[in-house]
Every structure is written in C-alpha cells, then in structure tokens.
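Participant: Structure incoming, see below.
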Amino acid sequence: MSSIEPEVKQRITELRKLLQQASYAYYVLDNPIMEDAVYDRLYRELQDLELQYPQLITVDSPTQRVGEKPATHFNSVRHNIPLYSLENAFNVDELKTWEQRWRRQTSDIGAAEYVCELKIDGSALALTYENGILVRGVTRGDGVMGEDITQNVRTIRSIPLRLNLDGWENLQRVEVRGEAFLPLDIFEQINVERQKNGESLFANPRNAAAGTLRQLNPKVVHQRKLDFFAYTLHIPDSEEVTIVNSQWHSLELLQRMGLQVNPNKCLCPSLQEVAEYYQYWDTERLNLPYMTDGVVVKLNSSSLQTQLGFTQKFPRWAVALKYAAEEAPTRVENIAVNVGRTGAITPLAEMHPVQLAGTTVSRATLHNSDRIAQLDIRIGDTVIVRKAGEIIPEVVRVLLEPRPPDTQPFVMPTHCPVCGQPVVKPIDEAVTRCVNTSCPAILKGAIEHWVSRDALDIRGIGEKVVQQLVDKELVNSVADLYELTVEQLCELERMGEKLAVKLVDVIANSKKQSWSRVLYGLGIRHVGNITAQTLTKKFMTVEQLVSAKVTDIAAIYGIGTEIAESVYQWFQSSANQSLIARLQCAGLQFANSPETETAIDTNQKFAGKTFVVTGTLPTLKRNEAKELIQKAGGKVTDSVSKKTDYVVVGADAGSKLTKAQTLGINLLNEAQLLELLQEEI
C-alpha cells in the first residue's frame with residue numbers, strides 16, 4: 001500500500017465524502033446538493049479508482065452498498081438490546097389511562113413532556129454501528145432473537161454506511177432502532193410489475209417491506225427502494241445518560257449522525273397537545289406518501305424512562321395510540337369452540353370470507369361467554385369485523401336489522417367438546433376452562449408448546465405428528481417424548497425409519513437446552529420466554545423455585561403478583577412435581593449453575609484467554625468469530641485493557657487497534673485466528 005500515491009488516497013477519501021454528503025442531502029434531507037449527472041460522474045470515478053486499487057476499498061464506501069453474491073440463508077442472532085413492542089391504546093381515554101398508570105409507578109413529577117411520532121407501518125430494524133461503521137442489521141423477530149439481514153440493510157439509501165460522529169469520535173458502539181418501509185408509489189410500481197409477470201400481488205406495503213427484507217438476493221432489495229426512519233438511539237455505555245438526555249434530543253442526534261428521522265414529530269408539553277396531534281393526523285395521514293396506522297407517544301425524559309423501565313413485553317414509558325382499524329360487514333355461518341393448551345375454551349365465529357386490511361378473513365375470536373352475551377351474536381347474524389391492532393380479526397358489533405327470525409342465542413358448552421368432561425368457569429375469570437389434564441386438546445397444545453422454537457426447539461415434530469402421537473396414545477405428557485422409540489415412530493403416517501432415527505436424535509439433543517427454555521416449555525400461565533429467563537437468573541435451580549414463596553417471586557423486578565401466584569401454584573401441584581421428576585430422570589436441565597457456566601476446560605486452546613474482536617473481518621461475521629473463540633474456551637470482551645490477551649483485527653479497526661498497539665497486546669488477523677483454531681482441533 002506504501003507504493004500508492006498520496007494523491008490517490010486523498011482523492012478516494014474526498015470522493016467518498018462528497019458522495020456520502022450528496023446521498024444524505026438527497027435521501028434524508030430531501031434537498032439535493034448536486035445534479036444526478038455530477039453524482040454519477042463522481043461515483044464512476046470512485047469505482048474506477050477502487051478497481052485499480054482494491055486494497056483501498058472499505059466497507060463504508062458508497063460503491064459497497066449492494067453485495068455481489070446472494071445469501072443462502074439468514075442467521076438467527078440475539079439482539080444486543082431487546083427490541084420491545086409497544087402497548088396499544090385505541091382512543092384518548094385509553095391514553096389517559098396509560099398516563100395514570102405510569103404516574104402511579106413513579107414519584108410525583110408534576111407536568112411531563114411527551115414526544116409524538118407517526119407510527120410507520122413497516123418492518124422494525126435494529127442497526128449496530130461500531131466506530132461509526134454499520135456492522136449489523138437485524139429484524140425484530142421475537143424481540144430477543146432476530147435475523148441478521150445486514151447485506152440487505154446496506155442497500156437502503158437512507159441508512160448511512162458510516163455515521164457522522166463529529167464530536168463523538170470516542171463512541172465505540174451505537175445502536176439505532178427504526179422502521180424500514182415502502183413508499184406508496186414504489187409499492188404500486190412493484191405490484192404493477194408483479195401483475196405483468198403473472199406473480200401474486202403484495203397485500204399491503206407492510207407485507208411487501210417485510211418480504212423484501214428477507215430476499216436472499218440483495219440486488220432485488222436494492223431495486224425495490226426501501227426507505228427508513230430512525231426513532232431510537234442507544235449508546236450502550238455508561239455515558240449514555242449524559243449524551244442522550246431525552247427522546248427529543250435522541251432524535252436530534254440521530255439526524256446529526258446522518259440518519260433520517262420522520263419530519264412530522266412533535267414535542268408536546270401535555271397530554272392535551274398529544275390528543276390534538278393525534279386528531280390532526282387522523283385525516284392528514286391519508287396525504288402522506290407512506291402508510292401510518294397510529295401515533296407513538298413517548299415520555300421525553302430519559303431519566304424518567306429509566307425509572308419506569310419495562311414490563312415483560314412493553315416499555316412503561318411509551319404507548320402506540322392507534323387509529324380506528326378498517327371494518328367490514330360479513331355473515332356468521334357458524335360458532336365453533338377451540339380448546340387451548342391451558343384448557344381455555346374460546347368461541348370462534350366462522351364467517352363468510354371478507355377482505356380486511358389486505359387479507360382474507362373468515363374466522364374471528366369471540367373471546368369468552370361474557371363477550372358473546374355482550375354482543376348477543378348468533379349463527380346467521382350479519383356482523384361488523386375488524387382487525388384488533390390490525391392483526392387479530394374480531395367482531396365489533398352485530399347488525400340487528402338483517403337478523404333472521406329463527407336465530408337462537410349461542411350457549412357455551414357445559415362439557416369439553418374434545419374430552420367430554422365438565423367445564424368450569426371460575427368466579428373471578430371470564431374464561432371457561434376444561435380442567436381435565438388428560439384432555440387430548442390440552443395435551444396436544446402442551447406438546448406443541450414444548451417442542452416450539454423458543455422452548456425445547458425440537459424440529460420435526462409438527463402439528464400433524466403431535467396429533468398422531470396423542471391419538472395413538474404414544475404420548476400422554478411431554479416426558480413421554482423422551483421414551484419414544486424408532487419402532488413407535490415408524491407407526492406414524494409418512495414416517496420412515498431414517499426420519500424416525502433422526503427424530504429420536506433431535507429429541508435426545510433437546511436435553512441440552514437451558515433451564516430457562518425448560519421452564520418456558522412447561523407452559524405455566526403468564527410465563528413467557530423472557531419471564532422464564534428472568535426467573536432462572538434469580539432461581540438457579542428448580543429446587544430453589546419450588547421452595548420459593550409467592551412474595552419471593554413477586555419481589556423480582558418485572559414479575560408481579562399475578563405471575564408469582566401462577567408460578568407458585570403450578571409447582572405446588574403433585575402432578576406437576578411428578579412431571580418435573582420424570583424430566584429430571586430423562587436428563588433435562590433444571591439448573592443454571594454459575595459454576596458450570598464459568599468453568600474453564602483447561603484442555604481447550606483458548607482456556608483462560610481474553611479476546612477482543614474489532615473491525616470488519618474478510619469472511620467471518622463478528623458474532624461468528626466470537627462464537628469460535630468461546631467454543632475454544634476463550635472469553636470475548638468489548639473493550640481493550642491490560643487483561644486482554646489477543647485482539648483480532650479486521651478492516652477499519654479504529655481506536656481499539658490503537659489502544660492494543662499502545663499496550664503491546666498480541667494482534668491476530670482472521671487467517672491467524674483460524675490457524676490457531678485449527679491447531680486446537
């Protein structure tokens with residue numbers, strides 16, 4: 001590289017800066033600073049120079065937005081910071097209830113400022129920048145795990161490949177959250193093309209955006225011209241509170257760093273101004289060039305946000321104030337009941353198919369007997385349906401005028417439609433339940449939950465296989481799964497010996513799953529996967545959880561009395577205690593011992609060694625490099641110190657490389673790391 005003329009390096013740097021400034025002005029500010037022909041000429045000049053001097057290409061160069069090779073699949077990765085969804089409110093009264101709730105959970109602060117942002121109807125993304133360079137783009141997924149679609153994210157022009165960190169040069173990592181979306185005119189163009197090509201049309205821009213982001217070929221993503229609005233800035237550092245003191249300040253910093261923020265945001269000094277903002281955009285949103293389905297309301301103060309924290313699903317300091325969902329009339333053809341894994345008997349309206357918010361709806365939940373009585377819904381009725389939160393279809397009201405004269409009120413069954421046993425409706429609950437733990441419907445639901453991805457992740461046991469296992473009485477509890485033989489599985493339809501052997505192996509491998517996954521898989525009411533992780537951090541073994549009192553469980557931040565009661569009662573059941581004993585005998589993990597987590601295998605090559613990975617590696621993603629090091633017994637940290645043994649260096653390493661050189665720490669490139677790993681094997 002020393003043979004390259006300094007003028008060449010300077011020109012390449014200058015071209016990149018000019019092109020990045022032009023892209024920011026065009027795609028983010030909507031205020032072009034140069035003609036298209038000038039941009040194209042500068043772009044081609046940069047391309048020619050990089051072709052001549054490929055060693056000078058960097059990942060943040062404007063020429064590197066679109067990858068050359070399609071991906072074969074997307075890897076699931078854990079979010080650095082959980083990507084929570086938002087609690088919904090559907091009118092100003094519910095917004096006031098939300099405010100009253102958060103005020104009860106904190107000290108009296110008097111007036112509070114709110115930031116209102118339009119809720120864009122797209123697909124949430126989590127972006128990670130290291131030393132200013134975009135290194136990762138991940139879908140929301142379930143909020144804890146998402147799919148790494150970095151190659152596709154890089155094609156979105158309004159997402160900068162390099163942040164403007166003037167004044168914040170020491171920031172090693174920045175996390176940005178936002179929404180990728182398709183502008184309406186682009187959406188229409190895509191559907192016109194798909195129609196010409198005889199392809200099925202996208203139902204709505206949201207589905208089109210989500211489908212585009214999961215395209216394996218980044219060139220297709222590039223052609224579809226996705227856009228992006230950033231709405232959250234995280235600086236995972238002790239200095240975050242001093243750097244970002246409010247949501248409004250966060251939005252300003254995002255813009256200064258080069259990201260596009262929705263221009264229709266508003267700082268409101270009271271809930272009255274929030275209501276006025278919401279009402280104004282109820283009609284004005286129809287004139288926007290993109291779809292929006294509500295307003296996101298956030299408390300402006302960062303310190304207040306920190307004080308309020310999160311529930312297991314939502315931040316307490318934010319709410320999505322949704323607009324009225326699209327409604328449509330249709331006819332009820334039947335009312336059926338479904339028995340869930342907890343025994344809850346849920347009535348369902350089976351209706352004449354109707355188009356609603358871009359999809360065909362033919363079934364809608366009726367929730368429970370109280371809701372049926374409130375609606376007075378009957379077979380043959382004409383009803384108005386909508387999508388609650390634009391996701392779950394529900395019946396809003398019954399139109400009495402066209403009701404047939406011979407209809408009869410619907411009565412909830414007195415016996416379970418699956419097992420025939422009497423059902424119960426507790427006085428303090430609206431739900432009717434089957435309490436027969438041997439009910440095939442409950443058993444089927446329990447097994448499907450146990451084998452699900454977030455629980456034991458037993459792939460190959462789908463709904464049809466579960467149905468056969470229950471019908472043939474091969475499985476009467478989840479513990480029976482671990483006693484299945486190849487011969488028994490071969491009795492099932494479309495189950496050959498080769499597949500049966502594989503399935504037995506997969507079931508056996510699930511015994512290695514963590515204590516938190518096992519706890520979630522047990523299907524205790526109100527215990528989701530995040531709650532299970534929270535509980536197992538506090539109660540390191542099942543014995544500790546069994547002996548815990550309700551007050552011990554409820555004292556954990558984010559748990560509460562309802563969850564604590566549910567967990568406590570579940571473990572008091574003798575039948576559940578017997579199930580735990582059987583699963584323990586089968587070899588499942590019911591402990592999360594810190595000793596086993598931190599124990600070091602001294603036979604491993606990297607045992608006792610601390611690594612830092614920095615920069616962009618030629619072939620490995622950073623998480624992949626970290627995983628390889630950890631499997632070899634090494635520890636991977638984010639910062640360089642005197643305790644660091646090795647720093648693995650890629651392109652654009654930045655300040656971590658400088659610090660490592662100053663401290664005299666051993667440096668490895670990717671090839672040297674892989675060579676050491678090969679020696680270990």
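All residue names refer to the structure tokens as shown: chains lettered A, B, ... in order, residues numbered from 1 in each chain, ligands numbered from 1 in order.
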What's the 12 Å shell around Gly309 in chain A, counting only C-alpha atoms, without same-chain residues fewer than 3 positions away, as a VMD selection string?

Facilitator: chain A and resid 84 102 105 to 106 299 302 to 306 312 to 318 557 to 558

Participant: Taking 5 positions as the minimum chain separation for residues in the same chain, which residues sit within 10 Å of Ile559 in chain A when counting only C-alpha atoms? Answer as a PyMOL selection string.

Facilitator: chain A and resi 311-312+526-527+531+534-535+553-554+564

Participant: Keeping N, CA and C atoms for every residue in the selection just given, could you write it to a file as an mmCIF file, in the first residue's frame?

Facilitator:
data_model
loop_
_atom_site.group_PDB
_atom_site.id
_atom_site.type_symbol
_atom_site.label_atom_id
_atom_site.label_comp_id
_atom_site.auth_asym_id
_atom_site.auth_seq_id
_atom_site.Cartn_x
_atom_site.Cartn_y
_atom_site.Cartn_z
ATOM 1 N N THR A 311 -42.121 -3.683 31.238
ATOM 2 C CA THR A 311 -42.815 -4.905 31.634
ATOM 3 C C THR A 311 -42.126 -6.044 30.889
ATOM 4 N N GLN A 312 -42.716 -7.239 30.898
ATOM 5 C CA GLN A 312 -42.116 -8.339 30.149
ATOM 6 C C GLN A 312 -42.261 -8.170 28.634
ATOM 7 N N HIS A 526 -48.903 -17.296 32.119
ATOM 8 C CA HIS A 526 -48.285 -15.972 32.266
ATOM 9 C C HIS A 526 -46.749 -16.003 32.193
ATOM 10 N N VAL A 527 -46.157 -17.175 31.983
ATOM 11 C CA VAL A 527 -44.697 -17.253 31.923
ATOM 12 C C VAL A 527 -44.245 -17.376 30.468
ATOM 13 N N THR A 531 -39.895 -13.896 30.713
ATOM 14 C CA THR A 531 -40.151 -14.114 32.135
ATOM 15 C C THR A 531 -39.382 -15.328 32.642
ATOM 16 N N THR A 534 -35.875 -14.375 33.228
ATOM 17 C CA THR A 534 -35.773 -13.560 34.445
ATOM 18 C C THR A 534 -35.817 -14.442 35.691
ATOM 19 N N LEU A 535 -36.730 -15.408 35.711
ATOM 20 C CA LEU A 535 -36.880 -16.286 36.871
ATOM 21 C C LEU A 535 -35.647 -17.160 37.082
ATOM 22 N N ILE A 553 -41.021 -14.543 44.720
ATOM 23 C CA ILE A 553 -41.117 -14.470 43.254
ATOM 24 C C ILE A 553 -41.585 -13.083 42.823
ATOM 25 N N ALA A 554 -42.582 -12.561 43.515
ATOM 26 C CA ALA A 554 -43.153 -11.262 43.144
ATOM 27 C C ALA A 554 -42.167 -10.126 43.350
ATOM 28 N N ALA A 564 -46.398 -14.374 39.897
ATOM 29 C CA ALA A 564 -45.861 -15.100 41.049
ATOM 30 C C ALA A 564 -46.855 -16.144 41.557
#

Participant: Within range 137-179 of chain A, find each residue whose DSSP state, derived from the backbone, is alpha helix (DSSP H), and express the selection as a ChimeraX atom specification.

Facilitator: /A:150-153

Participant: Got a sec: who's within 10 Å of Ser270 in chain A, counting only C-alpha atoms, leaving out chain neighbours fewer than 6 positions off, as a list in words?

Facilitator: Ala111, Ala112, Glu113, Tyr114 and Val115 of chain A

Participant: Just to be explicit: take each residue in the selection above, keep N, CA and C atoms, and write the result as a PDB file, in the first residue's frame.

Facilitator:
ATOM      1  N   ALA A 111     -45.918  18.184  35.790  1.00  0.00           N
ATOM      2  CA  ALA A 111     -46.118  18.135  34.339  1.00  0.00           C
ATOM      3  C   ALA A 111     -45.030  17.272  33.687  1.00  0.00           C
ATOM      4  N   ALA A 112     -45.393  16.631  32.590  1.00  0.00           N
ATOM      5  CA  ALA A 112     -44.440  15.792  31.856  1.00  0.00           C
ATOM      6  C   ALA A 112     -44.542  16.100  30.368  1.00  0.00           C
ATOM      7  N   GLU A 113     -43.393  16.142  29.699  1.00  0.00           N
ATOM      8  CA  GLU A 113     -43.362  16.354  28.252  1.00  0.00           C
ATOM      9  C   GLU A 113     -43.464  15.011  27.531  1.00  0.00           C
ATOM     10  N   TYR A 114     -44.085  15.051  26.345  1.00  0.00           N
ATOM     11  CA  TYR A 114     -44.212  13.863  25.519  1.00  0.00           C
ATOM     12  C   TYR A 114     -43.668  14.153  24.129  1.00  0.00           C
ATOM     13  N   VAL A 115     -43.122  13.117  23.501  1.00  0.00           N
ATOM     14  CA  VAL A 115     -42.725  13.220  22.104  1.00  0.00           C
ATOM     15  C   VAL A 115     -43.668  12.340  21.292  1.00  0.00           C
TER      16      VAL A 115
END

Participant: Determine which residues of range 312-510 of chain A DSSP labels as strand (DSSP E or B) from the backbone of this structure, then write them out as a ChimeraX atom specification.

Facilitator: /A:315,318-322,327-339,344-356,359-365,382-388,392-399,415,422-424,432-434

Participant: Just give me the gap between CA of Ala607 in chain A and CA of Ile629 in chain A in Å, one decimal is fine.

Facilitator: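 Calculated distance between CA of Ala607 in chain A and CA of Ile629 in chain A is 9.6 Å.
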
Participant: Determine, counting only C-alpha atoms, which protein, DNA and RNA residues have an atom within 12 Å of an atom of Gln569 in chain A; residues of the same chain fewer than 6 positions away are not included. Present the result as a PDB file with N, CA, C and O atoms, in the first residue's frame.

Facilitator:
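For reference, part.pdb as written:
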ATOM      1  N   ILE A 524     -46.355 -22.777  31.926  1.00  0.00           N
ATOM      2  CA  ILE A 524     -47.020 -22.176  33.089  1.00  0.00           C
ATOM      3  C   ILE A 524     -47.708 -20.880  32.654  1.00  0.00           C
ATOM      4  O   ILE A 524     -47.119 -20.070  31.945  1.00  0.00           O
ATOM      5  N   ARG A 525     -48.916 -20.685  33.080  1.00  0.00           N
ATOM      6  CA  ARG A 525     -49.678 -19.499  32.680  1.00  0.00           C
ATOM      7  C   ARG A 525     -48.919 -18.228  33.038  1.00  0.00           C
ATOM      8  O   ARG A 525     -48.353 -18.111  34.126  1.00  0.00           O
ATOM      9  N   LEU A 545     -36.719 -22.682  43.013  1.00  0.00           N
ATOM     10  CA  LEU A 545     -38.001 -22.121  42.581  1.00  0.00           C
ATOM     11  C   LEU A 545     -39.164 -22.821  43.274  1.00  0.00           C
ATOM     12  O   LEU A 545     -40.147 -22.179  43.669  1.00  0.00           O
ATOM     13  N   VAL A 546     -39.063 -24.148  43.453  1.00  0.00           N
ATOM     14  CA  VAL A 546     -40.122 -24.906  44.122  1.00  0.00           C
ATOM     15  C   VAL A 546     -40.298 -24.435  45.565  1.00  0.00           C
ATOM     16  O   VAL A 546     -41.423 -24.331  46.079  1.00  0.00           O
ATOM     17  N   SER A 547     -39.197 -24.128  46.233  1.00  0.00           N
ATOM     18  CA  SER A 547     -39.261 -23.735  47.640  1.00  0.00           C
ATOM     19  C   SER A 547     -39.535 -22.243  47.837  1.00  0.00           C
ATOM     20  O   SER A 547     -39.705 -21.784  48.967  1.00  0.00           O
ATOM     21  N   ALA A 548     -39.582 -21.486  46.738  1.00  0.00           N
ATOM     22  CA  ALA A 548     -39.797 -20.040  46.842  1.00  0.00           C
ATOM     23  C   ALA A 548     -41.241 -19.725  47.220  1.00  0.00           C
ATOM     24  O   ALA A 548     -42.182 -20.405  46.801  1.00  0.00           O
ATOM     25  N   LYS A 549     -41.412 -18.677  48.012  1.00  0.00           N
ATOM     26  CA  LYS A 549     -42.743 -18.195  48.362  1.00  0.00           C
ATOM     27  C   LYS A 549     -43.233 -17.217  47.290  1.00  0.00           C
ATOM     28  O   LYS A 549     -42.446 -16.709  46.490  1.00  0.00           O
ATOM     29  N   VAL A 550     -44.520 -16.950  47.331  1.00  0.00           N
ATOM     30  CA  VAL A 550     -45.098 -16.002  46.368  1.00  0.00           C
ATOM     31  C   VAL A 550     -44.408 -14.651  46.479  1.00  0.00           C
ATOM     32  O   VAL A 550     -44.083 -14.012  45.469  1.00  0.00           O
ATOM     33  N   ILE A 553     -41.021 -14.543  44.720  1.00  0.00           N
ATOM     34  CA  ILE A 553     -41.117 -14.470  43.254  1.00  0.00           C
ATOM     35  C   ILE A 553     -41.585 -13.083  42.823  1.00  0.00           C
ATOM     36  O   ILE A 553     -41.048 -12.487  41.886  1.00  0.00           O
ATOM     37  N   THR A 561     -47.443  -9.847  41.161  1.00  0.00           N
ATOM     38  CA  THR A 561     -48.173 -10.825  41.967  1.00  0.00           C
ATOM     39  C   THR A 561     -48.871 -11.879  41.116  1.00  0.00           C
ATOM     40  O   THR A 561     -48.867 -13.075  41.458  1.00  0.00           O
ATOM     41  N   GLU A 562     -49.481 -11.478  40.001  1.00  0.00           N
ATOM     42  CA  GLU A 562     -50.241 -12.433  39.183  1.00  0.00           C
ATOM     43  C   GLU A 562     -49.339 -13.548  38.656  1.00  0.00           C
ATOM     44  O   GLU A 562     -49.680 -14.732  38.738  1.00  0.00           O
ATOM     45  N   ILE A 563     -48.186 -13.176  38.120  1.00  0.00           N
ATOM     46  CA  ILE A 563     -47.244 -14.180  37.614  1.00  0.00           C
ATOM     47  C   ILE A 563     -46.731 -15.034  38.772  1.00  0.00           C
ATOM     48  O   ILE A 563     -46.644 -16.267  38.664  1.00  0.00           O
ATOM     49  N   ALA A 575     -49.073 -33.442  40.548  1.00  0.00           N
ATOM     50  CA  ALA A 575     -48.908 -33.962  39.186  1.00  0.00           C
ATOM     51  C   ALA A 575     -47.744 -33.262  38.489  1.00  0.00           C
ATOM     52  O   ALA A 575     -46.953 -33.899  37.782  1.00  0.00           O
ATOM     53  N   ASN A 576     -47.626 -31.955  38.693  1.00  0.00           N
ATOM     54  CA  ASN A 576     -46.523 -31.217  38.073  1.00  0.00           C
ATOM     55  C   ASN A 576     -45.182 -31.581  38.704  1.00  0.00           C
ATOM     56  O   ASN A 576     -44.155 -31.629  38.027  1.00  0.00           O
ATOM     57  N   GLN A 577     -45.184 -31.852  39.996  1.00  0.00           N
ATOM     58  CA  GLN A 577     -43.956 -32.295  40.660  1.00  0.00           C
ATOM     59  C   GLN A 577     -43.498 -33.647  40.109  1.00  0.00           C
ATOM     60  O   GLN A 577     -42.296 -33.882  39.926  1.00  0.00           O
TER      61      GLN A 577
END

Participant: Residues near Ile133 in chain A, anyone? I mean within 10 Å using only C-alpha atoms, not counting same-chain ones fewer than 6 positions away, as a compact mmCIF listing (two decimals) with N, CA, C and O atoms, in the first residue's frame.

Facilitator:
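Result file selection.txt:
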# COMPACT_ATOMS: atom_id res chain seq x y z
N THR A 58 -13.14 0.09 1.32
CA THR A 58 -13.63 -0.05 2.70
C THR A 58 -15.11 -0.39 2.68
O THR A 58 -15.82 -0.11 1.70
N VAL A 59 -15.58 -0.98 3.79
CA VAL A 59 -16.98 -1.44 3.82
C VAL A 59 -17.97 -0.28 3.79
O VAL A 59 -19.14 -0.48 3.44
N ASP A 60 -17.52 0.93 4.16
CA ASP A 60 -18.44 2.07 4.16
C ASP A 60 -18.40 2.88 2.88
O ASP A 60 -19.02 3.93 2.78
N PRO A 160 -27.18 5.24 6.52
CA PRO A 160 -25.78 5.51 6.21
C PRO A 160 -24.88 4.32 6.56
O PRO A 160 -25.10 3.65 7.56
N LEU A 161 -23.88 4.09 5.71
CA LEU A 161 -22.90 3.05 6.00
C LEU A 161 -21.89 3.53 7.03
O LEU A 161 -21.26 2.73 7.71
N ARG A 162 -21.73 4.83 7.12
CA ARG A 162 -20.86 5.44 8.13
C ARG A 162 -21.60 6.61 8.77
O ARG A 162 -22.15 7.46 8.07
N LEU A 163 -21.59 6.64 10.09
CA LEU A 163 -22.23 7.75 10.80
C LEU A 163 -21.31 8.96 10.85
O LEU A 163 -20.08 8.84 10.81
N ASN A 164 -21.92 10.12 10.95
CA ASN A 164 -21.16 11.33 11.20
C ASN A 164 -20.98 11.46 12.72
O ASN A 164 -21.90 11.82 13.44
N GLN A 172 -17.69 3.89 20.69
CA GLN A 172 -17.30 2.64 20.02
C GLN A 172 -18.50 1.91 19.45
O GLN A 172 -18.37 1.20 18.46
N ARG A 173 -19.65 2.04 20.09
CA ARG A 173 -20.84 1.34 19.58
C ARG A 173 -22.06 2.23 19.71
O ARG A 173 -22.26 2.89 20.72
N VAL A 174 -22.87 2.23 18.66
CA VAL A 174 -24.14 2.95 18.65
C VAL A 174 -25.21 2.00 18.14
O VAL A 174 -25.01 1.33 17.13
N GLY A 615 -13.13 -4.26 14.02
CA GLY A 615 -13.06 -4.09 12.58
C GLY A 615 -13.89 -5.12 11.83
O GLY A 615 -14.56 -5.97 12.42
N THR A 616 -13.88 -5.05 10.52
CA THR A 616 -14.65 -5.95 9.66
C THR A 616 -13.73 -7.03 9.12
O THR A 616 -12.77 -6.75 8.39
N ASP A 652 -10.71 -1.30 9.06
CA ASP A 652 -11.27 -0.16 9.78
C ASP A 652 -11.40 -0.42 11.28
O ASP A 652 -12.46 -0.19 11.88
N ALA A 653 -10.32 -0.93 11.88
CA ALA A 653 -10.36 -1.33 13.29
C ALA A 653 -10.51 -0.15 14.23
O ALA A 653 -11.14 -0.26 15.28

Participant: Would you kindly return, as a PDB file with N, CA and C atoms, in the first residue's frame, each protein, DNA or RNA residue with an atom no farther than 12 Å from any atom of Ser107 in chain A, considering only C-alpha atoms and excluding same-chain residues fewer than 3 positions away?

Facilitator:
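Output saved as around.pdb:
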ATOM      1  N   TRP A 102     -48.670   5.034  34.525  1.00  0.00           N
ATOM      2  CA  TRP A 102     -47.230   5.266  34.720  1.00  0.00           C
ATOM      3  C   TRP A 102     -46.980   6.248  35.866  1.00  0.00           C
ATOM      4  N   ARG A 103     -47.922   7.176  36.078  1.00  0.00           N
ATOM      5  CA  ARG A 103     -47.734   8.116  37.188  1.00  0.00           C
ATOM      6  C   ARG A 103     -47.808   7.404  38.539  1.00  0.00           C
ATOM      7  N   ARG A 104     -48.628   6.354  38.648  1.00  0.00           N
ATOM      8  CA  ARG A 104     -48.712   5.603  39.907  1.00  0.00           C
ATOM      9  C   ARG A 104     -47.417   4.852  40.209  1.00  0.00           C
ATOM     10  N   GLY A 110     -45.181  16.158  38.627  1.00  0.00           N
ATOM     11  CA  GLY A 110     -45.900  17.290  38.047  1.00  0.00           C
ATOM     12  C   GLY A 110     -46.095  17.107  36.549  1.00  0.00           C
ATOM     13  N   LEU A 304     -36.636   9.622  33.377  1.00  0.00           N
ATOM     14  CA  LEU A 304     -37.945   9.077  33.724  1.00  0.00           C
ATOM     15  C   LEU A 304     -38.178   7.745  33.020  1.00  0.00           C
ATOM     16  N   GLN A 307     -36.331   5.202  35.003  1.00  0.00           N
ATOM     17  CA  GLN A 307     -37.008   4.939  36.273  1.00  0.00           C
ATOM     18  C   GLN A 307     -38.206   4.002  36.087  1.00  0.00           C
ATOM     19  N   LEU A 308     -38.963   4.188  35.012  1.00  0.00           N
ATOM     20  CA  LEU A 308     -40.165   3.380  34.778  1.00  0.00           C
ATOM     21  C   LEU A 308     -39.834   1.985  34.255  1.00  0.00           C
TER      22      LEU A 308
END

Participant: I need the residue nearest Leu366 in chain A from this list: A:Ile447, A:Val339, A:Val383, A:Val395. Use only C-alpha atoms for the distance.

Facilitator: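 Selected residue with least distance to Leu366 in chain A: A:Val395.
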
Participant: How many Å lie between CA of Lys621 in chain A and CA of Gly178 in chain A, rounded to one decimal?

Facilitator: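 Value for the CA of Lys621 in chain A-CA of Gly178 in chain A distance: 22.4 Å.
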
Participant: Show which residues sit within 7 Å of range 513-520 of chain A, as a list in words. Count only C-alpha atoms, and ignore same-chain residues fewer than 6 positions away.

Facilitator: Asp454, Ala455, Leu456, Val527, Gly528, Asn529, Ala532, Gln533, Thr536, Gln589, Phe590, Ala591 and Asn592 of chain A

Participant: Could you tell me how far CA of Arg154 in chain A lies from CA of Ser123 in chain A, in Å and to one decimal?

Facilitator: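 So the two atoms, CA of Arg154 in chain A and CA of Ser123 in chain A, lie 15.3 Å apart.
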
Participant: I'd like to know which of A:Ala479, A:Leu213, A:Val354, A:Val466 is closest to Leu522 in chain A, using only C-alpha atoms.

Facilitator: A:Ala479
